[in-house]
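Have a look at model.tsv; it's TSV, C-alpha atoms and all ligand atoms:
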chain	number	residue	atom	x	y	z
A	1	MET	CA	103.91	87.42	85.46
A	2	ARG	CA	105.66	90.59	84.23
A	3	LYS	CA	103.45	93.66	84.27
A	4	SER	CA	103.63	96.52	81.83
A	5	ARG	CA	101.68	99.77	81.57
A	6	ILE	CA	100.65	101.38	78.28
A	7	GLY	CA	99.50	105.00	78.11
A	8	ILE	CA	97.30	106.18	75.25
A	9	LEU	CA	96.31	109.68	74.13
A	10	THR	CA	94.56	111.42	71.24
A	11	GLY	CA	95.91	114.81	70.10
A	12	GLY	CA	95.00	117.52	67.58
A	13	GLY	CA	91.61	117.79	65.86
A	14	ASP	CA	89.20	114.99	66.70
A	15	CYS	CA	87.65	112.76	64.04
A	16	ALA	CA	85.70	109.55	63.63
A	17	GLY	CA	87.84	106.45	64.14
A	18	LEU	CA	89.65	107.47	67.33
A	19	ASN	CA	87.35	105.59	69.71
A	20	PRO	CA	87.52	102.35	67.68
A	21	ALA	CA	91.34	102.55	67.79
A	22	ILE	CA	91.35	103.08	71.57
A	23	LYS	CA	88.92	100.19	72.05
A	24	TRP	CA	91.08	97.79	70.07
A	25	VAL	CA	94.28	98.84	71.83
A	26	VAL	CA	92.62	97.98	75.13
A	27	LYS	CA	91.03	94.75	73.94
A	28	THR	CA	94.28	93.51	72.37
A	29	ALA	CA	96.55	94.57	75.21
A	30	THR	CA	94.37	93.04	77.92
A	31	ASP	CA	93.12	89.95	76.06
A	32	GLU	CA	93.32	86.98	78.47
A	33	ARG	CA	94.55	84.41	75.96
A	34	LEU	CA	97.16	86.73	74.48
A	35	THR	CA	98.28	87.66	77.99
A	36	ARG	CA	98.97	83.99	78.78
A	37	GLU	CA	100.78	83.46	75.48
A	38	ARG	CA	102.93	86.59	75.85
A	39	GLY	CA	103.66	86.10	79.54
A	40	VAL	CA	103.16	89.84	80.04
A	41	GLU	CA	100.16	91.46	81.70
A	42	TYR	CA	99.38	94.83	80.13
A	43	GLU	CA	97.35	97.59	81.72
A	44	VAL	CA	96.09	100.52	79.59
A	45	VAL	CA	95.82	104.02	81.00
A	46	GLY	CA	94.03	106.76	79.06
A	47	ILE	CA	95.58	110.24	79.13
A	48	ARG	CA	93.06	113.06	78.91
A	49	ASP	CA	93.13	115.96	76.41
A	50	GLY	CA	96.19	115.02	74.37
A	51	TRP	CA	99.58	116.27	75.56
A	52	LYS	CA	97.84	118.57	78.03
A	53	GLY	CA	97.01	115.52	80.14
A	54	LEU	CA	100.72	114.77	80.53
A	55	MET	CA	101.69	118.29	81.52
A	56	ASP	CA	99.62	118.79	84.63
A	57	VAL	CA	99.28	115.39	86.26
A	58	ASP	CA	97.73	115.20	89.71
A	59	SER	CA	100.33	113.33	91.76
A	60	SER	CA	98.51	113.63	95.08
A	61	SER	CA	96.81	110.24	94.88
A	62	PRO	CA	98.62	106.89	95.24
A	63	TYR	CA	96.66	105.77	92.18
A	64	PRO	CA	96.89	108.71	89.84
A	65	TRP	CA	94.26	107.32	87.45
A	66	GLN	CA	90.57	107.11	88.03
A	67	ASP	CA	87.95	104.71	86.76
A	68	MET	CA	85.81	105.76	83.79
A	69	PRO	CA	83.28	107.28	83.83
A	70	GLN	CA	83.72	109.75	86.67
A	71	ASN	CA	83.98	113.47	87.04
A	72	TYR	CA	86.08	114.75	84.17
A	73	ASP	CA	89.47	115.75	85.47
A	74	ALA	CA	92.07	116.29	82.75
A	75	SER	CA	94.95	116.02	85.23
A	76	ARG	CA	94.06	112.43	86.20
A	77	PRO	CA	94.56	109.60	83.71
A	78	VAL	CA	91.88	106.92	83.56
A	79	LEU	CA	92.11	103.16	83.72
A	80	LEU	CA	90.77	101.65	80.48
A	81	THR	CA	89.37	98.15	80.83
A	82	GLN	CA	87.52	95.96	78.32
A	83	ASP	CA	84.28	96.80	80.13
A	84	VAL	CA	84.89	100.54	79.84
A	85	VAL	CA	85.62	100.53	76.08
A	86	ARG	CA	83.11	97.84	75.07
A	87	THR	CA	80.86	100.11	72.98
A	88	TRP	CA	83.33	102.85	72.03
A	89	ASP	CA	83.83	101.80	68.40
A	90	ARG	CA	80.31	102.94	67.49
A	91	TYR	CA	80.96	106.54	68.41
A	92	GLY	CA	82.74	109.49	66.84
A	93	GLY	CA	85.07	111.93	68.56
A	94	THR	CA	87.35	110.76	71.36
A	95	TYR	CA	86.21	109.80	74.83
A	96	LEU	CA	89.69	110.68	76.09
A	97	GLY	CA	89.34	114.29	74.94
A	98	THR	CA	91.91	116.09	72.82
A	99	SER	CA	93.72	119.40	72.51
A	100	ARG	CA	96.20	121.17	70.31
A	101	THR	CA	98.67	121.54	73.18
A	102	ASN	CA	102.35	121.54	72.22
A	103	PRO	CA	104.79	120.56	74.99
A	104	TYR	CA	107.57	121.99	72.79
A	105	ASP	CA	105.83	125.35	72.34
A	106	PRO	CA	108.81	127.71	71.88
A	107	LYS	CA	107.07	130.28	74.10
A	108	ASN	CA	106.60	127.78	76.94
A	109	ASN	CA	108.57	124.54	76.54
A	110	ARG	CA	107.20	121.99	79.03
A	111	SER	CA	108.59	118.85	77.46
A	112	GLN	CA	110.68	117.97	80.54
A	113	GLN	CA	107.52	118.04	82.63
A	114	VAL	CA	105.94	115.57	80.21
A	115	VAL	CA	108.97	113.25	80.40
A	116	SER	CA	108.97	113.28	84.18
A	117	ASN	CA	105.19	112.71	84.35
A	118	ILE	CA	105.52	109.71	82.03
A	119	LYS	CA	108.07	108.32	84.51
A	120	MET	CA	105.90	109.21	87.49
A	121	LEU	CA	102.93	107.37	85.94
A	122	GLY	CA	105.15	104.36	85.25
A	123	LEU	CA	104.26	104.24	81.55
A	124	ASP	CA	106.38	101.62	79.79
A	125	ALA	CA	105.02	102.65	76.39
A	126	LEU	CA	102.90	105.48	75.02
A	127	ILE	CA	100.51	105.16	72.07
A	128	THR	CA	99.82	108.55	70.48
A	129	ILE	CA	96.98	108.87	68.00
A	130	GLY	CA	97.39	112.02	65.95
A	131	GLY	CA	98.46	113.89	62.87
A	132	GLU	CA	101.72	115.64	62.00
A	133	ASP	CA	101.78	117.80	65.16
A	134	THR	CA	100.95	115.11	67.74
A	135	LEU	CA	103.23	112.55	66.11
A	136	GLY	CA	105.98	115.17	65.76
A	137	VAL	CA	105.90	115.63	69.55
A	138	ALA	CA	105.95	111.84	70.04
A	139	TYR	CA	109.02	111.61	67.82
A	140	ARG	CA	110.85	114.28	69.81
A	141	LEU	CA	109.92	112.55	73.08
A	142	SER	CA	111.49	109.35	71.75
A	143	TRP	CA	114.84	111.20	71.80
A	144	GLU	CA	114.34	111.55	75.56
A	145	GLY	CA	113.95	107.78	75.95
A	146	VAL	CA	110.15	107.55	75.87
A	147	ASN	CA	108.88	104.38	74.15
A	148	VAL	CA	106.37	105.74	71.64
A	149	VAL	CA	104.16	104.18	68.97
A	150	GLY	CA	102.03	106.33	66.64
A	151	ILE	CA	98.62	105.76	65.06
A	152	PRO	CA	97.88	108.07	62.11
A	153	LYS	CA	94.70	110.13	62.13
A	154	THR	CA	93.60	113.26	60.32
A	155	ILE	CA	90.64	113.87	58.07
A	156	ASP	CA	93.08	115.69	55.76
A	157	ARG	CA	94.89	112.37	55.02
A	158	ASP	CA	98.09	114.32	54.52
A	159	LEU	CA	100.50	112.22	56.60
A	160	PRO	CA	103.28	110.55	54.64
A	161	GLY	CA	104.23	106.92	55.28
A	162	THR	CA	100.66	105.65	55.21
A	163	GLU	CA	97.90	105.29	52.66
A	164	TYR	CA	95.24	105.89	55.30
A	165	THR	CA	94.68	108.16	58.27
A	166	LEU	CA	91.70	107.64	60.58
A	167	GLY	CA	88.72	109.91	60.01
A	168	PHE	CA	89.20	110.48	56.28
A	169	ASP	CA	86.59	108.04	55.01
A	170	THR	CA	83.87	109.27	57.38
A	171	ALA	CA	84.59	112.87	56.35
A	172	VAL	CA	84.35	111.98	52.63
A	173	ASN	CA	81.00	110.33	53.36
A	174	VAL	CA	79.78	113.49	55.09
A	175	ILE	CA	80.78	115.62	52.08
A	176	THR	CA	79.00	113.21	49.74
A	177	GLU	CA	75.80	113.18	51.82
A	178	GLU	CA	75.72	116.95	52.20
A	179	VAL	CA	76.30	117.58	48.50
A	180	ASP	CA	73.48	115.11	47.71
A	181	ARG	CA	71.21	117.21	49.92
A	182	LEU	CA	72.31	120.44	48.29
A	183	ARG	CA	71.58	119.13	44.80
A	184	THR	CA	67.79	119.05	45.23
A	185	THR	CA	67.58	122.59	46.53
A	186	ALA	CA	70.22	123.85	44.08
A	187	GLY	CA	68.26	122.34	41.18
A	188	SER	CA	64.93	123.74	42.37
A	189	HIS	CA	66.36	127.26	42.57
A	190	LYS	CA	68.80	126.95	39.66
A	191	ARG	CA	71.56	128.05	42.02
A	192	ILE	CA	75.26	127.50	42.16
A	193	PHE	CA	76.52	126.17	45.49
A	194	VAL	CA	80.12	126.48	46.57
A	195	VAL	CA	80.91	123.97	49.32
A	196	GLU	CA	84.02	124.62	51.42
A	197	THR	CA	85.62	121.51	52.93
A	198	MET	CA	88.49	121.14	55.38
A	199	GLY	CA	91.96	120.44	54.02
A	200	ARG	CA	94.58	122.87	55.18
A	201	HIS	CA	97.49	121.93	52.90
A	202	ALA	CA	96.19	118.84	51.11
A	203	GLY	CA	93.23	118.62	48.75
A	204	TRP	CA	92.36	114.95	49.31
A	205	LEU	CA	89.10	115.65	51.11
A	206	ALA	CA	87.86	118.12	48.50
A	207	LEU	CA	89.11	115.95	45.64
A	208	GLU	CA	87.72	112.61	46.79
A	209	GLY	CA	84.62	114.18	48.39
A	210	GLY	CA	84.06	116.09	45.14
A	211	GLU	CA	84.59	112.99	43.03
A	212	ALA	CA	82.27	110.89	45.18
A	213	SER	CA	79.55	113.52	45.05
A	214	GLY	CA	80.05	114.33	41.37
A	215	ALA	CA	81.00	117.98	41.90
A	216	PHE	CA	81.37	120.02	38.73
A	217	ILE	CA	84.46	121.91	39.89
A	218	ILE	CA	86.96	120.93	42.60
A	219	LEU	CA	89.55	123.43	43.87
A	220	ILE	CA	92.49	122.21	45.93
A	221	PRO	CA	95.42	123.82	47.79
A	222	GLU	CA	97.99	122.15	45.55
A	223	TYR	CA	96.84	124.04	42.42
A	224	ASN	CA	96.12	127.78	42.50
A	225	PHE	CA	92.87	128.48	40.67
A	226	SER	CA	91.92	131.23	38.26
A	227	LEU	CA	88.47	132.72	38.87
A	228	GLU	CA	88.27	133.52	35.14
A	229	ARG	CA	88.67	129.80	34.37
A	230	VAL	CA	85.97	128.96	36.93
A	231	TYR	CA	83.58	131.41	35.20
A	232	GLU	CA	84.44	129.99	31.80
A	233	LEU	CA	83.79	126.40	32.90
A	234	ILE	CA	80.42	127.39	34.39
A	235	ARG	CA	79.42	129.33	31.25
A	236	GLN	CA	80.26	126.31	29.06
A	237	GLU	CA	78.20	124.02	31.29
A	238	ARG	CA	75.26	126.41	31.41
A	239	ASP	CA	75.36	126.66	27.60
A	240	LYS	CA	74.97	122.87	27.56
A	241	GLY	CA	71.82	123.23	29.67
A	242	ALA	CA	73.01	122.77	33.28
A	243	ARG	CA	70.45	124.26	35.70
A	244	TYR	CA	72.76	124.31	38.70
A	245	ASN	CA	76.36	123.59	39.63
A	246	ILE	CA	78.17	122.25	42.67
A	247	ILE	CA	81.69	123.51	43.34
A	248	VAL	CA	83.77	121.92	46.10
A	249	VAL	CA	86.70	123.95	47.40
A	250	ALA	CA	89.25	123.01	50.06
A	251	GLU	CA	89.72	125.61	52.81
A	252	GLY	CA	93.41	125.88	51.88
A	253	ALA	CA	92.82	126.57	48.16
A	254	LYS	CA	94.24	129.86	46.83
A	255	PRO	CA	93.45	132.03	43.83
A	256	ASP	CA	96.26	132.75	41.37
A	257	GLY	CA	98.71	135.15	42.98
A	258	GLY	CA	96.70	135.15	46.21
A	259	ARG	CA	97.16	133.78	49.72
A	260	GLU	CA	95.13	131.29	51.72
A	261	PHE	CA	92.03	132.68	53.43
A	262	VAL	CA	92.17	132.89	57.21
A	263	LEU	CA	89.52	133.58	59.84
A	264	GLY	CA	92.02	135.43	62.01
A	265	GLU	CA	95.71	135.98	62.58
A	266	THR	CA	95.90	134.09	65.89
A	267	LEU	CA	98.26	131.10	65.86
A	268	ASP	CA	97.75	127.90	67.85
A	269	SER	CA	100.70	126.47	69.82
A	270	PHE	CA	101.87	124.59	66.70
A	271	GLY	CA	101.88	127.83	64.69
A	272	HIS	CA	98.71	127.26	62.61
A	273	LYS	CA	96.11	129.88	61.69
A	274	THR	CA	92.42	128.95	61.40
A	275	LEU	CA	91.53	128.83	57.71
A	276	GLY	CA	88.19	129.78	56.15
A	277	GLY	CA	86.56	132.09	53.64
A	278	VAL	CA	87.68	130.83	50.25
A	279	GLY	CA	84.21	129.37	49.49
A	280	ASP	CA	82.58	132.71	50.13
A	281	PHE	CA	85.20	134.45	47.98
A	282	VAL	CA	84.54	132.10	45.05
A	283	ALA	CA	80.73	132.39	45.44
A	284	LYS	CA	80.81	136.19	45.50
A	285	GLY	CA	83.07	136.24	42.44
A	286	ILE	CA	80.72	133.96	40.48
A	287	ALA	CA	77.59	135.91	41.53
A	288	ALA	CA	79.16	139.20	40.42
A	289	ALA	CA	80.70	137.95	37.16
A	290	LEU	CA	77.89	135.69	35.94
A	291	LYS	CA	74.89	137.42	37.56
A	292	THR	CA	73.79	134.01	38.83
A	293	ASP	CA	72.28	133.21	42.21
A	294	THR	CA	75.26	131.68	44.04
A	295	ARG	CA	75.57	130.61	47.67
A	296	SER	CA	78.40	129.20	49.71
A	297	MET	CA	78.40	126.89	52.66
A	298	VAL	CA	81.16	125.75	54.96
A	299	LEU	CA	80.97	122.10	56.02
A	300	SER	CA	83.48	122.76	58.77
A	301	HIS	CA	83.39	120.42	61.78
A	302	LEU	CA	80.43	118.43	60.45
A	303	GLN	CA	83.16	116.54	58.57
A	304	ARG	CA	84.81	115.53	61.82
A	305	GLY	CA	81.60	114.61	63.64
A	306	GLY	CA	79.21	111.69	63.75
A	307	ALA	CA	79.63	107.94	63.94
A	308	PRO	CA	82.65	106.39	62.21
A	309	SER	CA	82.03	104.79	58.80
A	310	ALA	CA	82.47	101.02	58.51
A	311	PHE	CA	85.93	101.63	57.02
A	312	ASP	CA	87.03	103.89	59.89
A	313	ARG	CA	85.81	101.30	62.41
A	314	ARG	CA	87.80	98.59	60.65
A	315	MET	CA	90.91	100.72	60.23
A	316	GLY	CA	90.67	101.92	63.85
A	317	ARG	CA	90.51	98.29	64.88
A	318	TYR	CA	93.45	97.20	62.71
A	319	PHE	CA	95.64	100.19	63.66
A	320	GLY	CA	94.84	99.65	67.37
A	321	ILE	CA	95.78	95.99	67.20
A	322	ALA	CA	98.95	96.77	65.21
A	323	ALA	CA	100.05	99.38	67.77
A	324	VAL	CA	99.92	96.73	70.50
A	325	ASP	CA	101.75	94.26	68.23
A	326	LEU	CA	104.58	96.81	67.93
A	327	ILE	CA	104.77	97.24	71.71
A	328	VAL	CA	104.79	93.47	72.27
A	329	ASN	CA	107.68	93.20	69.78
A	330	GLY	CA	109.54	96.09	71.41
A	331	GLU	CA	109.42	98.05	68.12
A	332	PHE	CA	109.21	101.66	69.27
A	333	THR	CA	109.47	105.04	67.53
A	334	ARG	CA	107.28	103.66	64.75
A	335	MET	CA	103.88	104.55	63.30
A	336	VAL	CA	101.41	101.90	62.21
A	337	SER	CA	100.51	102.33	58.59
A	338	LEU	CA	98.55	101.02	55.61
A	339	ARG	CA	100.81	100.35	52.64
A	340	ASN	CA	99.93	98.51	49.45
A	341	GLY	CA	96.81	97.25	51.20
A	342	LYS	CA	98.83	95.80	54.11
A	343	ILE	CA	98.90	96.81	57.78
A	344	THR	CA	102.52	97.53	58.55
A	345	SER	CA	104.64	100.16	60.28
A	346	VAL	CA	107.14	102.87	59.34
A	347	PRO	CA	109.72	104.82	61.35
A	348	LEU	CA	107.91	107.67	63.12
A	349	GLU	CA	110.35	110.07	61.51
A	350	GLU	CA	108.77	109.31	58.13
A	351	ALA	CA	105.46	110.70	59.35
A	352	THR	CA	106.93	114.02	60.36
A	353	GLY	CA	108.50	116.93	58.55
A	354	ARG	CA	106.71	116.74	55.20
A	355	LEU	CA	103.16	116.23	53.96
A	356	ASN	CA	101.43	113.89	51.57
A	357	LEU	CA	99.89	116.14	48.92
A	358	VAL	CA	97.83	115.58	45.76
A	359	ASN	CA	100.07	115.11	42.73
A	360	VAL	CA	98.53	117.61	40.33
A	361	VAL	CA	100.08	115.90	37.33
A	362	THR	CA	98.82	112.38	37.95
A	363	GLN	CA	95.87	112.86	40.31
A	364	TYR	CA	94.17	116.12	39.27
A	365	ASP	CA	92.84	117.52	36.02
A	366	ALA	CA	94.16	121.07	36.13
A	367	ASP	CA	92.26	122.02	32.98
A	368	ARG	CA	88.79	120.96	34.12
A	369	TYR	CA	89.51	121.65	37.83
A	370	ASN	CA	88.32	118.17	38.66
A	371	GLY	CA	89.37	114.55	39.14
A	372	ARG	CA	91.13	112.68	36.34
A	373	ARG	CA	89.32	111.30	33.30
A	374	SER	CA	92.18	108.96	32.51
A	375	ILE	CA	93.07	106.77	35.42
A	376	LEU	CA	94.69	103.47	34.46
A	377	ASN	CA	97.73	102.86	36.71
A	378	VAL	CA	97.02	105.96	38.82
A	379	SER	CA	97.30	105.30	42.54
A	380	VAL	CA	94.03	106.12	44.28
A	381	MET	CA	95.24	105.21	47.76
A	382	VAL	CA	98.34	107.28	48.45
A	401	LIG	O1	94.01	119.09	60.84
A	401	LIG	C1	92.74	118.65	60.61
A	401	LIG	C2	91.79	119.81	60.47
A	401	LIG	O2	90.50	119.24	60.41
A	401	LIG	C3	92.07	120.74	59.28
A	401	LIG	O3	91.49	120.27	58.11
A	401	LIG	C4	91.48	122.03	59.74
A	401	LIG	O4	92.13	123.13	59.14
A	401	LIG	C5	91.74	122.03	61.21
A	401	LIG	O5	91.83	120.68	61.60
A	401	LIG	C6	90.70	122.74	62.03
A	401	LIG	O6	91.07	122.67	63.36
A	401	LIG	P1	90.24	123.27	64.58
A	401	LIG	O7	89.13	122.32	64.87
A	401	LIG	O8	91.23	123.35	65.68
A	401	LIG	O9	89.74	124.61	64.11
Rewrite the coordinates I just gave you, this time as structure tokens.
Amino acid sequence: MRKSRIGILTGGGDCAGLNPAIKWVVKTATDERLTRERGVEYEVVGIRDGWKGLMDVDSSSPYPWQDMPQNYDASRPVLLTQDVVRTWDRYGGTYLGTSRTNPYDPKNNRSQQVVSNIKMLGLDALITIGGEDTLGVAYRLSWEGVNVVGIPKTIDRDLPGTEYTLGFDTAVNVITEEVDRLRTTAGSHKRIFVVETMGRHAGWLALEGGEASGAFIILIPEYNFSLERVYELIRQERDKGARYNIIVVAEGAKPDGGREFVLGETLDSFGHKTLGGVGDFVAKGIAAALKTDTRSMVLSHLQRGGAPSAFDRRMGRYFGIAAVDLIVNGEFTRMVSLRNGKITSVPLEEATGRLNLVNVVTQYDADRYNGRRSILNVSVMV
């Protein structure tokens, strides 16, 4: 029977939903009945730490991959069997590890090394689970003849070409739970809480997390906010008797005429700065202008952690199975996707080069700084 080897890696920020996707790639690729029907025997090899694991591969051993679990060695891929991945779908993060390594880093381009390591490892196809950066690298590698298939993941849900990216639903659940917790203490102390979520360019997390948790004000990167308007909205609400308020702000949100808030000027190898600080800025502004006890908190990586929600487990499963379907059909340079409620695929190129942002006309109420109050025929999966 013909044998074929699939490599799989997770790149960029981790999130819930990666391990379920890996599990279902392995289970589908190595399923005994499907193997007989296809007449092809697949083997799945896990690459450690995203693209980093394809840069420095240990070629000294005749079998360059090791069994899981063993001593962690990022330079040695691991053999993924059904036994190994059996329980993975219950857990967050990625057991393969991840990194923000860019083989096409202009300061140190190592893409040729990656191409030759893929050949050396005998990978007939490579499944890359990632966001715009990881999938952008996969797309460029396809120009060098690498057979790539993408699975979309990012808690920001800002990839075009798909209505869902793994990790988003779990992160929205975290925001909702944490805001629920804040409400009791906020009410007891009559405080305003400003909750900063992730969301570098896109406001989906803040918007849908804010909607789900009933936040009073939601600030998103797609619409620059006026602090004066924030004060005015709070005053109006307080006049109506509100004892406390919850404000949800995306890390990438900007005040009118201002820039995004960064924690430092250092760039990662894809050219991104680490964002943070807008929540504190808003809280300090409110405290000073309204003389009200106001605190801020940053949810940060809590949104990426923990067990995957039921939806992320299901979507990880469906995307994993679909990625293998594409390989079986020989349909490469494509990303699996959810569109109009259907699991399908799009050219990988569609997932790169632009972002899926909140439409502030149809999906945001720019007067109330909140979700829409008129919603018939508005798309809520984008
Ligand atoms: O890209 C997803 C994301 O979670 C962004 O929302 C956030 O800005 C970034 O990753 C944080 O990345 P890191 O964990 O590398 O600081």
Using all atoms of ligand LIG 401 (chain A) that appear in the file, construct an axis-aligned enclosing box with 3 Å of padding on every side and provide its centre coordinates and edge lengths in Å, rounded to one decimal, as JSON.
{"center_x": 91.6, "center_y": 121.6, "center_z": 61.9, "size_x": 10.9, "size_y": 12.0, "size_z": 13.6}
Point to revise | Who sits within 7 Å of Gly371 in chain A, all atoms listed in the file, same chain under 6 positions skipped, as a list in words | key: Leu207, Glu211, Gln363, Tyr364 and Asp365 of chain A
Would you save the residues of that selection, restricted to C-alpha atoms, as a short mmCIF file (atom, residue, chain, number, x, y, z; two decimals), keeping the file's coordinate frame?
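The new file again-v7.cif reads:
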data_model
loop_
_atom_site.label_atom_id
_atom_site.label_comp_id
_atom_site.auth_asym_id
_atom_site.auth_seq_id
_atom_site.Cartn_x
_atom_site.Cartn_y
_atom_site.Cartn_z
CA LEU A 207 89.11 115.95 45.64
CA GLU A 211 84.59 112.99 43.03
CA GLN A 363 95.87 112.86 40.31
CA TYR A 364 94.17 116.12 39.27
CA ASP A 365 92.84 117.52 36.02
#
Within 7 Å of range 134-153 of chain A, which residues of range 163-262 of chain A come that close, and what is the closest atom pair and distance in Å for each? Count only C-alpha atoms and give it as a Markdown table.
| residue | atom | partner | partner_atom | distance |
| --- | --- | --- | --- | --- |
| A:Thr165 | CA | A:Lys153 | CA | 4.3 |
| A:Leu166 | CA | A:Lys153 | CA | 4.2 |
| A:Gly167 | CA | A:Lys153 | CA | 6.3 |
Using only C-alpha atoms, which residues of range 245-310 of chain A come within 12 Å of range 20-27 of chain A, and what is the closest atom pair for each, with the distance in Å to one decimal? Give it as a Markdown table, sorted by chain and residue number.
| residue | atom | partner | partner_atom | distance |
| --- | --- | --- | --- | --- |
| A:Ala307 | CA | A:Pro20 | CA | 10.4 |
| A:Pro308 | CA | A:Pro20 | CA | 8.4 |
| A:Ser309 | CA | A:Pro20 | CA | 10.7 |
| A:Ala310 | CA | A:Pro20 | CA | 10.6 |
Within 6 Å of ligand LIG 401 (chain A), counting all atoms listed in the file, which protein or nucleic acid residues do you find, written as a JSON list (two decimals) with C-alpha atoms, keeping the file's coordinate frame?
[["chain", "number", "residue", "atom", "x", "y", "z"],
["A", 13, "GLY", "CA", 91.61, 117.79, 65.86],
["A", 154, "THR", "CA", 93.60, 113.26, 60.32],
["A", 155, "ILE", "CA", 90.64, 113.87, 58.07],
["A", 156, "ASP", "CA", 93.08, 115.69, 55.76],
["A", 198, "MET", "CA", 88.49, 121.14, 55.38],
["A", 199, "GLY", "CA", 91.96, 120.44, 54.02],
["A", 200, "ARG", "CA", 94.58, 122.87, 55.18],
["A", 274, "THR", "CA", 92.42, 128.95, 61.40],
["A", 275, "LEU", "CA", 91.53, 128.83, 57.71]]
**Study point:** Gly209 in chain A surroundings by only C-alpha atoms, 6 Å radius, close-in-sequence under 4 positions cut, as a PyMOL selection string
**Key:** chain A and resi 172+175-176+205
Practice item. Pick out the residues sitting within 12 Å of Lys342 in chain A, and hand them over as a ChimeraX atom specification; count all atoms listed in the file, and ignore anything fewer than 3 positions along from it in its own chain. Key: /A:162-164,315,318-319,322,336-339,345,381
Counting all atoms listed in the file, which residues in range 176-216 of chain A sit no more than 8 Å from range 240-254 of chain A? For each one, give the nearest pair of atoms and the distance in Å, sorted by chain then residue number, as a tab-separated table.
residue	atom	partner	partner_atom	distance
A:Val179	CA	A:Ile246	CA	7.7
A:Arg183	CA	A:Ile246	CA	7.6
A:Ala186	CA	A:Tyr244	CA	6.0
A:Gly187	CA	A:Tyr244	CA	5.5
A:Lys190	CA	A:Tyr244	CA	4.9
A:Arg191	CA	A:Tyr244	CA	5.1
A:Ile192	CA	A:Asn245	CA	4.8
A:Phe193	CA	A:Ile246	CA	5.1
A:Val194	CA	A:Ile247	CA	4.7
A:Val195	CA	A:Val248	CA	4.8
A:Glu196	CA	A:Val249	CA	4.9
A:Thr197	CA	A:Ala250	CA	4.9
A:Met198	CA	A:Glu251	CA	5.3
A:Gly199	CA	A:Ala250	CA	5.4
A:Arg200	CA	A:Gly252	CA	4.6
A:His201	CA	A:Gly252	CA	5.8
A:Ala202	CA	A:Gly252	CA	7.6
A:Gly203	CA	A:Ala250	CA	6.1
A:Leu205	CA	A:Ala250	CA	7.4
A:Ala206	CA	A:Ala250	CA	5.3
A:Gly210	CA	A:Val248	CA	5.9
A:Ala215	CA	A:Ile246	CA	5.2
A:Phe216	CA	A:Ile246	CA	5.5
Check your understanding: If you count all atoms listed in the file, which residues fall within 12 Å of Leu121 in chain A, apart from same-chain ones fewer than 3 positions away, as JSON, numbers by chain?
Key -> {"A": [4, 5, 6, 7, 44, 45, 46, 47, 53, 54, 55, 56, 57, 58, 59, 60, 61, 62, 63, 64, 65, 75, 76, 77, 78, 79, 114, 115, 116, 117, 118, 124, 125, 126]}
Practice item. Calculate how many Å separate CA of Asp89 in chain A from CA of Arg313 in chain A, rounding to one decimal. Key: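 Separating CA of Asp89 in chain A from CA of Arg313 in chain A is a distance of 6.3 Å.
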Point to revise | Gap from CA of Asn359 in chain A to CA of Asp280 in chain A - Å, one decimal | key: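 Result for CA of Asn359 in chain A versus CA of Asp280 in chain A: 25.9 Å, one decimal.
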Point to revise | Pairwise distance for CA of Glu32 in chain A and CA of Met335 in chain A, rounded to one decimal in Å | key: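 Interatomic distance, CA of Glu32 in chain A to CA of Met335 in chain A: 25.5 Å.
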Review point. Do you know which residues are at most 12 Å from Gly257 in chain A counting all atoms listed in the file, after dropping those on the same chain fewer than 2 positions away, and could you put them as a list in words?
Key: Tyr223, Asn224, Phe225, Ser226, Leu227, Ala253, Lys254, Pro255, Arg259 and Glu260 of chain A
**Study point:** Residue among A:Ala351, A:Ile234, A:Leu18, A:Leu376 lying closest to Arg90 in chain A, counting only C-alpha atoms
**Key:** A:Leu18
